[in-house]
>>> print(open('data32.cif').read())   # mmCIF, N, CA and C atoms
data_target
loop_
_atom_site.label_atom_id
_atom_site.label_comp_id
_atom_site.auth_asym_id
_atom_site.auth_seq_id
_atom_site.Cartn_x
_atom_site.Cartn_y
_atom_site.Cartn_z
N MET I 1289 -15.23 15.64 42.43
CA MET I 1289 -16.40 16.19 41.78
C MET I 1289 -17.34 16.74 42.84
N LYS I 1290 -17.90 17.91 42.60
CA LYS I 1290 -18.88 18.49 43.50
C LYS I 1290 -20.17 17.69 43.40
N GLU I 1291 -20.84 17.56 44.53
CA GLU I 1291 -22.10 16.83 44.55
C GLU I 1291 -23.23 17.75 44.97
N LEU I 1292 -24.42 17.44 44.50
CA LEU I 1292 -25.63 18.17 44.87
C LEU I 1292 -26.48 17.29 45.76
N LYS I 1293 -27.19 17.89 46.66
CA LYS I 1293 -28.17 17.18 47.48
C LYS I 1293 -29.52 17.75 47.09
N LEU I 1294 -30.36 16.92 46.51
CA LEU I 1294 -31.68 17.34 46.06
C LEU I 1294 -32.74 16.76 46.98
N GLN I 1295 -33.80 17.48 47.16
CA GLN I 1295 -34.94 16.97 47.91
C GLN I 1295 -36.10 16.82 46.94
N LEU I 1296 -36.54 15.57 46.79
CA LEU I 1296 -37.63 15.25 45.88
C LEU I 1296 -38.64 14.38 46.59
N SER I 1297 -39.88 14.46 46.16
CA SER I 1297 -40.87 13.53 46.69
C SER I 1297 -40.60 12.16 46.06
N ILE I 1298 -41.17 11.12 46.64
CA ILE I 1298 -41.02 9.79 46.06
C ILE I 1298 -41.58 9.78 44.65
N ALA I 1299 -42.71 10.44 44.43
CA ALA I 1299 -43.31 10.49 43.10
C ALA I 1299 -42.38 11.18 42.10
N GLU I 1300 -41.74 12.25 42.53
CA GLU I 1300 -40.80 12.95 41.64
C GLU I 1300 -39.60 12.08 41.31
N ALA I 1301 -39.06 11.39 42.31
CA ALA I 1301 -37.92 10.49 42.07
C ALA I 1301 -38.32 9.38 41.10
N ASN I 1302 -39.52 8.84 41.28
CA ASN I 1302 -40.00 7.79 40.37
C ASN I 1302 -40.18 8.31 38.95
N THR I 1303 -40.60 9.55 38.80
CA THR I 1303 -40.75 10.15 37.47
C THR I 1303 -39.38 10.27 36.79
N ILE I 1304 -38.38 10.67 37.54
CA ILE I 1304 -37.02 10.76 37.00
C ILE I 1304 -36.52 9.39 36.58
N ILE I 1305 -36.72 8.38 37.44
CA ILE I 1305 -36.28 7.03 37.12
C ILE I 1305 -37.00 6.51 35.88
N LYS I 1306 -38.30 6.79 35.79
CA LYS I 1306 -39.07 6.36 34.61
C LYS I 1306 -38.52 7.03 33.34
N ALA I 1307 -38.22 8.31 33.41
CA ALA I 1307 -37.68 9.02 32.25
C ALA I 1307 -36.31 8.46 31.86
N LEU I 1308 -35.47 8.17 32.87
CA LEU I 1308 -34.15 7.60 32.59
C LEU I 1308 -34.28 6.23 31.95
N GLY I 1309 -35.35 5.51 32.28
CA GLY I 1309 -35.58 4.19 31.71
C GLY I 1309 -35.79 4.21 30.21
N ASN I 1310 -36.08 5.36 29.64
CA ASN I 1310 -36.26 5.49 28.19
C ASN I 1310 -34.95 5.71 27.45
N LEU I 1311 -33.86 5.87 28.20
CA LEU I 1311 -32.54 6.06 27.59
C LEU I 1311 -31.80 4.73 27.54
N PRO I 1312 -30.75 4.65 26.72
CA PRO I 1312 -29.97 3.40 26.65
C PRO I 1312 -29.42 2.99 28.01
N TYR I 1313 -29.56 1.72 28.33
CA TYR I 1313 -29.14 1.16 29.62
C TYR I 1313 -27.72 1.53 29.97
N THR I 1314 -26.81 1.43 29.01
CA THR I 1314 -25.40 1.69 29.29
C THR I 1314 -25.14 3.13 29.73
N GLN I 1315 -26.04 4.03 29.38
CA GLN I 1315 -25.86 5.43 29.75
C GLN I 1315 -26.44 5.76 31.12
N VAL I 1316 -27.42 4.99 31.59
CA VAL I 1316 -28.15 5.41 32.79
C VAL I 1316 -28.17 4.41 33.94
N HIS I 1317 -27.72 3.19 33.74
CA HIS I 1317 -27.88 2.18 34.79
C HIS I 1317 -27.18 2.55 36.10
N GLU I 1318 -26.02 3.17 36.03
CA GLU I 1318 -25.31 3.55 37.25
C GLU I 1318 -26.04 4.68 37.98
N LEU I 1319 -26.60 5.62 37.25
CA LEU I 1319 -27.34 6.72 37.85
C LEU I 1319 -28.62 6.22 38.51
N ILE I 1320 -29.33 5.32 37.85
CA ILE I 1320 -30.54 4.74 38.43
C ILE I 1320 -30.20 3.98 39.71
N ALA I 1321 -29.13 3.20 39.68
CA ALA I 1321 -28.71 2.46 40.87
C ALA I 1321 -28.35 3.40 42.01
N LYS I 1322 -27.71 4.52 41.69
CA LYS I 1322 -27.32 5.49 42.71
C LYS I 1322 -28.56 6.14 43.34
N ILE I 1323 -29.53 6.47 42.53
CA ILE I 1323 -30.78 7.05 43.04
C ILE I 1323 -31.48 6.04 43.95
N HIS I 1324 -31.59 4.79 43.49
CA HIS I 1324 -32.23 3.75 44.30
C HIS I 1324 -31.51 3.57 45.63
N SER I 1325 -30.20 3.49 45.58
CA SER I 1325 -29.40 3.26 46.78
C SER I 1325 -29.60 4.38 47.80
N GLN I 1326 -29.51 5.61 47.35
CA GLN I 1326 -29.64 6.75 48.26
C GLN I 1326 -31.06 6.87 48.79
N ALA I 1327 -32.03 6.64 47.95
CA ALA I 1327 -33.43 6.73 48.38
C ALA I 1327 -33.74 5.65 49.41
N THR I 1328 -33.28 4.44 49.16
CA THR I 1328 -33.52 3.34 50.10
C THR I 1328 -32.88 3.64 51.45
N ALA I 1329 -31.66 4.13 51.45
CA ALA I 1329 -30.97 4.45 52.70
C ALA I 1329 -31.73 5.54 53.47
N GLN I 1330 -32.18 6.56 52.77
CA GLN I 1330 -32.89 7.65 53.44
C GLN I 1330 -34.23 7.21 53.98
N LEU I 1331 -34.98 6.45 53.18
CA LEU I 1331 -36.31 6.03 53.62
C LEU I 1331 -36.23 5.01 54.74
N THR I 1332 -35.23 4.15 54.70
CA THR I 1332 -35.05 3.17 55.76
C THR I 1332 -34.72 3.88 57.07
N ALA I 1333 -33.83 4.84 57.02
CA ALA I 1333 -33.45 5.59 58.22
C ALA I 1333 -34.62 6.42 58.74
N GLU I 1334 -35.38 6.98 57.82
CA GLU I 1334 -36.50 7.85 58.20
C GLU I 1334 -37.65 7.05 58.79
N ASN I 1335 -38.00 5.94 58.16
CA ASN I 1335 -39.17 5.16 58.56
C ASN I 1335 -38.84 4.08 59.57
N GLY I 1336 -37.61 3.63 59.57
CA GLY I 1336 -37.23 2.58 60.49
C GLY I 1336 -37.80 1.23 60.16
N ASN I 1337 -38.56 1.12 59.07
CA ASN I 1337 -39.17 -0.17 58.73
C ASN I 1337 -38.78 -0.68 57.36
N GLY I 1338 -37.89 -0.01 56.68
CA GLY I 1338 -37.40 -0.51 55.39
C GLY I 1338 -38.22 -0.02 54.22
N THR I 1339 -37.69 -0.28 53.05
CA THR I 1339 -38.33 0.08 51.80
C THR I 1339 -38.08 -1.03 50.81
N SER I 1340 -38.73 -0.96 49.69
CA SER I 1340 -38.45 -1.92 48.64
C SER I 1340 -38.65 -1.26 47.29
N MET I 1341 -38.21 -1.95 46.26
CA MET I 1341 -38.41 -1.47 44.91
C MET I 1341 -39.48 -2.35 44.28
N GLU I 1342 -40.42 -1.74 43.65
CA GLU I 1342 -41.50 -2.47 43.01
C GLU I 1342 -41.62 -1.97 41.59
N ASN I 1343 -41.38 -2.86 40.61
CA ASN I 1343 -41.43 -2.48 39.20
C ASN I 1343 -40.51 -1.30 38.91
N GLY I 1344 -39.32 -1.30 39.54
CA GLY I 1344 -38.35 -0.25 39.31
C GLY I 1344 -38.67 1.05 40.02
N LYS I 1345 -39.69 1.03 40.88
CA LYS I 1345 -40.08 2.24 41.58
C LYS I 1345 -39.76 2.11 43.06
N ILE I 1346 -39.45 3.20 43.67
CA ILE I 1346 -39.20 3.24 45.09
C ILE I 1346 -40.54 3.15 45.80
N ASN I 1347 -40.66 2.22 46.73
CA ASN I 1347 -41.90 2.02 47.44
C ASN I 1347 -41.63 2.02 48.93
N SER I 1348 -42.06 3.05 49.62
CA SER I 1348 -41.77 3.15 51.05
C SER I 1348 -42.81 2.43 51.90
N GLU I 1349 -43.82 1.86 51.29
CA GLU I 1349 -44.87 1.22 52.05
C GLU I 1349 -44.65 -0.28 52.20
N THR I 1350 -43.71 -0.85 51.50
CA THR I 1350 -43.47 -2.28 51.56
C THR I 1350 -42.25 -2.53 52.44
N VAL I 1351 -42.37 -3.41 53.38
CA VAL I 1351 -41.29 -3.71 54.32
C VAL I 1351 -40.41 -4.79 53.73
N VAL I 1352 -39.10 -4.57 53.80
CA VAL I 1352 -38.13 -5.56 53.36
C VAL I 1352 -37.71 -6.39 54.55
N ASN I 1353 -37.74 -7.71 54.41
CA ASN I 1353 -37.31 -8.59 55.51
C ASN I 1353 -35.87 -8.93 55.37
#
>>> encode(input="data32.cif", output="structure tokens")
Amino acid sequence: MKELKLQLSIAEANTIIKALGNLPYTQVHELIAKIHSQATAQLTAENGNGTSMENGKINSETVVN
């Protein structure tokens, strides 16, 4: 399958995750997990200090121990 690489702000990614949260879990849980995983990897590499999820949102200001 061809893949796309999108560039979104953290706020935009959180808006997408929030919108997906209104759909049935069985339809979107894997996509939400994929977004979280990729965002965490990118932010951790970029910031060097880690990221966390807060209330289902990507938060680059909280350090994960």
>>> atom_distance(input="data32.cif", atom1="CA of Ile1323 in chain I", atom2="CA of Ala1301 in chain I")
8.0 Å
>>> atom_distance(input="data32.cif", atom1="CA of Lys1306 in chain I", atom2="CA of Ala1333 in chain I")
24.3 Å
>>> atom_distance(input="data32.cif", atom1="CA of Ala1321 in chain I", atom2="atom C of Ile1305 in chain I")
10.5 Å
>>> closest_residue(input="data32.cif", among="I:Lys1290, I:Thr1332, I:Ile1304, I:Ser1297", to="Ile1320 in chain I", atoms="all atoms listed in the file")
I:Ile1304
>>> residues_near_point(input="data32.cif", point="(-35.0, 13.2, 45.4)", cutoff="12 Å", atoms="only C-alpha atoms", output="PyMOL selection string")
chain I and resi 1292-1305+1320+1322-1328+1330-1331+1346
